[in-house]
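Everything below concerns the one structure shown next.
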Amino acid sequence: MEGLRDMTSLRFSPQVAEFDPLRALGRLRAMADWVGLRYHCETSQVRAARDGKPDSNRTDQSRGAMLEAMADGQIAYAGTSDLTPAGVERAMHRAVSAARASAKNKVFAFGEAQRPRANGRYASPRRQPADRASLAELSDLMIEASRRLKVSDKIVSTEASVGLTEVESRYVTSSGTDVAQEFLYLTSNFSATAQDAGDSQRRTLNGDVARCLQAGPEALDRDALLAACEQVGREALELLAAPDCPNERMDIVLMPDQMYIQIHESIGHPLELDRILGDERNYAGWSFVRPEDFGALQYGSNLMNVTFDPELPGEFAGYAFDDCGNPATREYLIREGKLLRGLGSLESQARLGRPGVANFRASSWNRAPIDRMANINVEPGSSSLEEMIAMTARGIVLQANRSWSIDDYRNKFQFGCEYGRLIEDGRLAKVVKNPNYRGVTTPFWNSLAAVGRREEFEIFGSPYCGKGEPSQVIRVGHAAPPCLFRDVEVFGGGA
Amino acid sequence: MSFALETRALFDRLAEDCFSQCAAGEEVTLSLVAEEQTYLRFNASRVRQSTDVRQREIGVQFQANGRKVDLGLGLTGEFDADARALRSALARGREESKVLPEDPWLVPMENRGTSEMSHPGRLLAPEEAIRLFTETTAGTEFTGLYAAGPMLRASRNSLGQSHWFDTESFFIDYSLYTVNEAGENKAVTECYAEREWSQAKFASGFDAARERLTQLRRPSRKLAPGGYRAYLAPAAARDFVGMMGWGALSYAMWKRGQSALAQLKDGTAQLSPRFSLRENFTLGLTPQFNALGEMAPTELPLIERGELRNWLVGARSAKEYGVPGNGAEEVPFVGEAPRSPEISGGELEQARALAALDRGVYLGNLHYLNWSDRHSARVTGMTRYACFWVEGGEIVAPIGDMRFDESLYRALGANLVSLTRETHVLPDVGTYFCRSLGGMRAPGMLVEDFRFTL
């Protein structure tokens, strides 16, 4: 993306009044036992093309502050987009009033231990900032990508889009916390739909939403991307001509662009401590994991090693501090298959008395933080993809998620993928369409028979993890190598 | 001044200021989404989190030289600051329109008239809501979300179009829990939503939910995978049929090979003549205008006696494919989607639903639905909350959670036995980004051979 200088850049800086979070906090300090202010400014750009033509040019900026007040051990929140001194003060009054009114009926008596003093900075890795990227060049790339996806007249629709989002976050509190974090997120989606003789098949580059990184526009390698789009188009045609996936129990090899959602739904969510505490049971659900399972439950085979890793460069949900000021560090959640710790920050850890991680996160200024996944990864093992295929008599390699569903305790899952390739007698065989598989979480992870190597480890994620009341979508990252699972129920499409 | 009046005055002033900045050949549509909400989250009858949100977001669609640029900004509420920000957004639109390629499917702006709808409410003060819920539900596992406050939507353009919608309402969406005789967690769910708070109505729903909970104390019946006669209560029917909102009724998605109802259109699959679905804005749950200010028809048949009558067609699809539009909203990822759908009722009296089911599964609620094969309109998902095994028209036991995988063409086709005469309005209780408007009116559905797989 280097090159054009005589251009409109991707940086959007509307004329807005300056806002100094520390100065604003100074006027609020005396209003409660403890107060906090989290300023959040998010500017996002989406550029999309369809069928070789421009489709959408969208720029949004959302800016506001979430005020926190602690009174008699209860913390309450008020979010406002009115950043004038009077507006911020009004919001703090509402937070204080709600904290006092609900203190008698709080779930737990919180204190400053759940809002530790923290000071620090974070910035996403990037080589090219948004203001050095050309809008015209990016739009041109999306149009060209949507053209390259159309490799045949049987491709009836192609889509290409890219999103670039800058977030500035500053968290200050009356106990001396001052954390400033700047994020730069890059997402991209490319798809081709093929249609013929009453059937249609859609193929994407790694799935609809999985291509997510913390990076600048330099991560869009034009030549590699256009070549990949042509491959996506060809594979859509291949699927159109392919037989349906057979219905039988067989071994499966999940590629990293399917592993990410398997990790997300059957490891990430059940380990969230707020779910285990029941906070989420009216909406997203509870968990099969019980407090006594930490340190005891054999979640998967001894090849299974899972980390919470906010430090992996470029992964979508990296950060230095969560939204209560808890410093984020890499931790093993599961080691050699044994469950060690959950996904919960200081509030949940205090309530449950179990170890957790720094993952108290809010989607924006208008939502209170809750326990969220961030980067949850399956650590590399020692088998190559080639070896996994060779050790499989009857199986299937599955790529790119297209369907996901799991029960509210996170036991019975079902996933669908875009592209399946059968394995017969240790060799890759024909391509099949509409591949799906289903299973139950801990038996499934205990059937893990091989884990790919570091060289095959890939980073994906999602901008759309939904949870909470009120609800919020948040960014998550999941990295993994290919993995082999034995004896799984696999099936195809059809009414 | 109320939040609605204050916001309306601000929006009108900003619109006048913005439109006065447009040069010849430039047109602008402004859309507004605003709310002032109290969100109270409860766990086991205690307040887990209280969040008050006051937000106003303005959308700007700028058109010039055959180009379109969409921008969105948060408003502070202070005119001078917001007008400055809006002017810089306009300048940004102007700048972008000079470097972007021409948009072949641009929908030129029109003045689509004016409309105004206001639904004031009578809501609890936040402190009163906290007291009332914690006192009334004390000693139970009452868990859920209360949301209350005004929600505003508006659209104006530089050609004179002006639409306004405001409503003041609340919902309390909650569950009650118990542990049954086998040590399993079991729950019922309930939702009370209106514009005027009634303690008597809340108490009546709460008492009924507690009563239902007693039916869940028996040990669960474990069902083997297979086909079962099933009654989908209105909330379950809403979720199952609601999958049609994931692109199935969208004209754009059909043209792009991604509608789950393509086989219905080409006649290779059928739905039952018992099944009818329409858009019905007389439900009053959501404004009739979309983000561009187009008014949808008050009623629009989508599927009538099993036949596809109308696709939902947004203005951009209409331009691209050369067909008449019908004021549909275009939603990212799913194309045009229903905003106020209503499934027609049938002949079965709801009071006779269990007797008509006779032997099979009563499904109170479903969970986490998704396509398992979109082309075959096949949907997978889970049972949740109050789901029972029924024999001789009587509830025998709750069931363990089951996964289903079933096609709309089968369940709403040859296997659709009957629908209840009574239909229920089920409001949308979504709260992503802001509180959702809308909902669905649905009956209960009796279905033969509903397939469970795990």
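Just so we're on the same page: first chain in the structure tokens is A, next is B, and so on; residues restart at 1 for each chain, and ligands are numbered from 1 in the order they show up.
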
Next on the checklist: Based on only C-alpha atoms, which of the residues in chain B come within 7 Å of chain A? I want them as a PyMOL selection string.
Outcome noted: chain B and resi 39+41+43+46-55+69-77+81+84-85+88-89+96+99-101+103+127+130+143-145+174-175+256-257+367-373+376+378+381-382+407+431-433

Checklist entry - What's the 9 Å shell around A:Ile459, counting only C-alpha atoms, without same-chain residues fewer than 4 positions away, as number ranges by chain? => result A: 210-213, 256-257, 260, 314-316, 377, 477-481

Item to check | Residues near B:Glu102, cut-off 9 Å, only C-alpha atoms, skip fewer than 3 positions along chain, as a count of residues only | outcome: 8
